[in-house]
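Here is the structure we will look at.
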Amino acid sequence: MRRFEWVPSIDSTGLQLPKRQTAHAAGYDLFTISDVILSPRQVVLVPTGVRVRLQPDECLLVYARSSLALKYQLMLANGVGVIDADYYANAANAGHIFVPLVNIGEQEVELHRGERIAQGVFTKFLLVDEDSSSDRESEARIGGFGSTDARSSFSPR
Ligand SMILES: O=c1ccn([C@H]2C[C@H](O)[C@@H](COP(=O)(O)OP(=O)(O)OP(=O)(O)O)O2)c(=O)[nH]1
Ligand SMILES: [Mg+2]
């Protein structure tokens with residue numbers, strides 16, 4: 001199974017799940033579900049309202065839309081977002097995908113609910129020989145954005 005879903009607590013009225021814009025596009029465009037204001041040099045975790053169901057050997061890579069930099073001077077603060085299969089429905093935030101955007105321009109930027117902010121590309125990944133990480137029951141993911149760090153982590157909802 002591979003699909004996008006609305007995060008259960010989200011009001012998705014009038015919005016669409018991520019979609020490709022053309023027949024051969026690789027990226028599923030992700031939308032913001034909130035109006036967002038970004039001050040110069042500010043990083044904002046923009047909520048998409050969606051989560052993604054993946055096969056265990058797949059991840060979703062979140063890339064910028066090239067137009068974002070040109071129109072608004074916005075970049076992905078983390079370069080590329082990696083959405084893990086075990087992020088889906090994690091206990092902290094139900095798998096809600098966030099896009100950390102940074103405003104590198106001099107002007108305040110306003111984004112509106114329903115605007116396309118990034119694109120997700122599905123891919124498979126490889127493991128090293130005798131990889132043991134998937135054996136350990138105790139390693140269930142709870143949250144993202146540093147949740148596996150011993151110190152300071154937080155999980156946006
Ligand atoms: O742009 C992003 C990047 C990550 N995530 C979520 C999904 C991903 O599965 C999780 C963890 O991401 P990553 O491993 O890149 O971050 P980390 O800083 O290592 O956090 P953690 O310790 O929770 O793994 O955070 C997003 O929603 N958007
Ligand atoms: Mg991680």
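Just remember, in the structure tokens the first chain shown is A, the second B, etc., residues are 1-based per chain, and ligands are 1-based in the order shown.
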Which residues of segment 49-136 of chain A have any atom within 12 Å of an atom in segment 13-19 of chain A when counting only C-alpha atoms, and what is the closest pair of atoms for each, with the distance in Å to one decimal? Order the rows by chain and rising number and write it as a Markdown table.
```
| residue | atom | partner | partner_atom | distance |
| --- | --- | --- | --- | --- |
| A:Gly49 | CA | A:Leu17 | CA | 8.9 |
| A:Val50 | CA | A:Leu17 | CA | 7.4 |
| A:Arg51 | CA | A:Leu17 | CA | 9.8 |
| A:Val52 | CA | A:Pro18 | CA | 10.0 |
| A:Val62 | CA | A:Pro18 | CA | 11.8 |
| A:Ile97 | CA | A:Pro18 | CA | 11.5 |
| A:His112 | CA | A:Leu15 | CA | 11.8 |
| A:Arg113 | CA | A:Leu15 | CA | 8.5 |
| A:Gly114 | CA | A:Leu15 | CA | 6.2 |
| A:Glu115 | CA | A:Leu15 | CA | 9.6 |
| A:Arg116 | CA | A:Pro18 | CA | 9.1 |
| A:Ile117 | CA | A:Pro18 | CA | 10.7 |
| A:Ala118 | CA | A:Pro18 | CA | 9.9 |
| A:Gln119 | CA | A:Pro18 | CA | 8.4 |
| A:Gly120 | CA | A:Pro18 | CA | 8.4 |
| A:Val121 | CA | A:Lys19 | CA | 10.9 |
```
Write out, as a PDB file, in the first residue's frame, the residues just selected, with C-alpha atoms.
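Saved to out.pdb:
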```pdb
ATOM      1  CA  GLY A  49      -2.292  18.194   6.689  1.00  0.00           C
ATOM      2  CA  VAL A  50      -1.283  14.846   5.182  1.00  0.00           C
ATOM      3  CA  ARG A  51       0.537  11.690   6.099  1.00  0.00           C
ATOM      4  CA  VAL A  52       1.851   8.977   3.839  1.00  0.00           C
ATOM      5  CA  VAL A  62      10.400  16.016  -0.069  1.00  0.00           C
ATOM      6  CA  ILE A  97       4.236  15.790   7.284  1.00  0.00           C
ATOM      7  CA  HIS A 112      -2.191  30.808   1.807  1.00  0.00           C
ATOM      8  CA  ARG A 113      -4.039  27.620   2.670  1.00  0.00           C
ATOM      9  CA  GLY A 114      -4.087  25.397  -0.414  1.00  0.00           C
ATOM     10  CA  GLU A 115      -0.905  26.821  -1.946  1.00  0.00           C
ATOM     11  CA  ARG A 116       1.657  24.295  -3.253  1.00  0.00           C
ATOM     12  CA  ILE A 117       4.837  24.443  -1.185  1.00  0.00           C
ATOM     13  CA  ALA A 118       6.950  21.372  -2.002  1.00  0.00           C
ATOM     14  CA  GLN A 119       6.901  18.069  -3.868  1.00  0.00           C
ATOM     15  CA  GLY A 120       7.249  14.492  -2.700  1.00  0.00           C
ATOM     16  CA  VAL A 121       9.008  11.786  -4.719  1.00  0.00           C
TER      17      VAL A 121
END
```
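Residues within 10 Å of Val102 of chain A, counting only C-alpha atoms and excluding same-chain residues fewer than 2 positions away, are Leu38, Ser39, Pro40, Arg41, Gln42, Val43, Val44, Leu45, Gln73, Leu74, Met75, Leu76, Ala77, Asn78, Val99, Pro100, Ile104 and Gly105 of chain A.
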Inset, instruction - Write out as an MDAnalysis selection string each polymer residue (protein, DNA or RNA) that has an atom no more than 12 Å from ligand 2, with only C-alpha atoms and all ligand atoms counted. - result: chainID A and resid 81:87 139 141:150 153
Inset, instruction - From the DSSP assignment of the backbone, select every residue of segment 16-155 of chain A that is strand (DSSP E or B), and format the answer as a ChimeraX atom specification. - result: /A:19,28-31,36-38,43-47,50-53,58-63,74-76,81-83,98-103,109-111,116-124
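Selecting alpha helix (DSSP H) from the backbone DSSP output for chain A yields Ser66, Ser67, Leu68, Ala69, Leu70, Lys71 and Tyr72 of chain A.
In this structure, atom CA of Cys59 of chain A sits 20.5 Å away from atom CA of Thr32 of chain A.
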Inset, instruction - Just give me the gap between atom CA of Ser132 of chain A and atom CA of Arg3 of chain A in Å, one decimal is fine. - result: 27.2 Å
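Distances from A:Arg157, A:Arg65, A:Arg2, A:His96 to ligand 1 were compared using only C-alpha atoms and all ligand atoms, and the smallest one belongs to A:His96.
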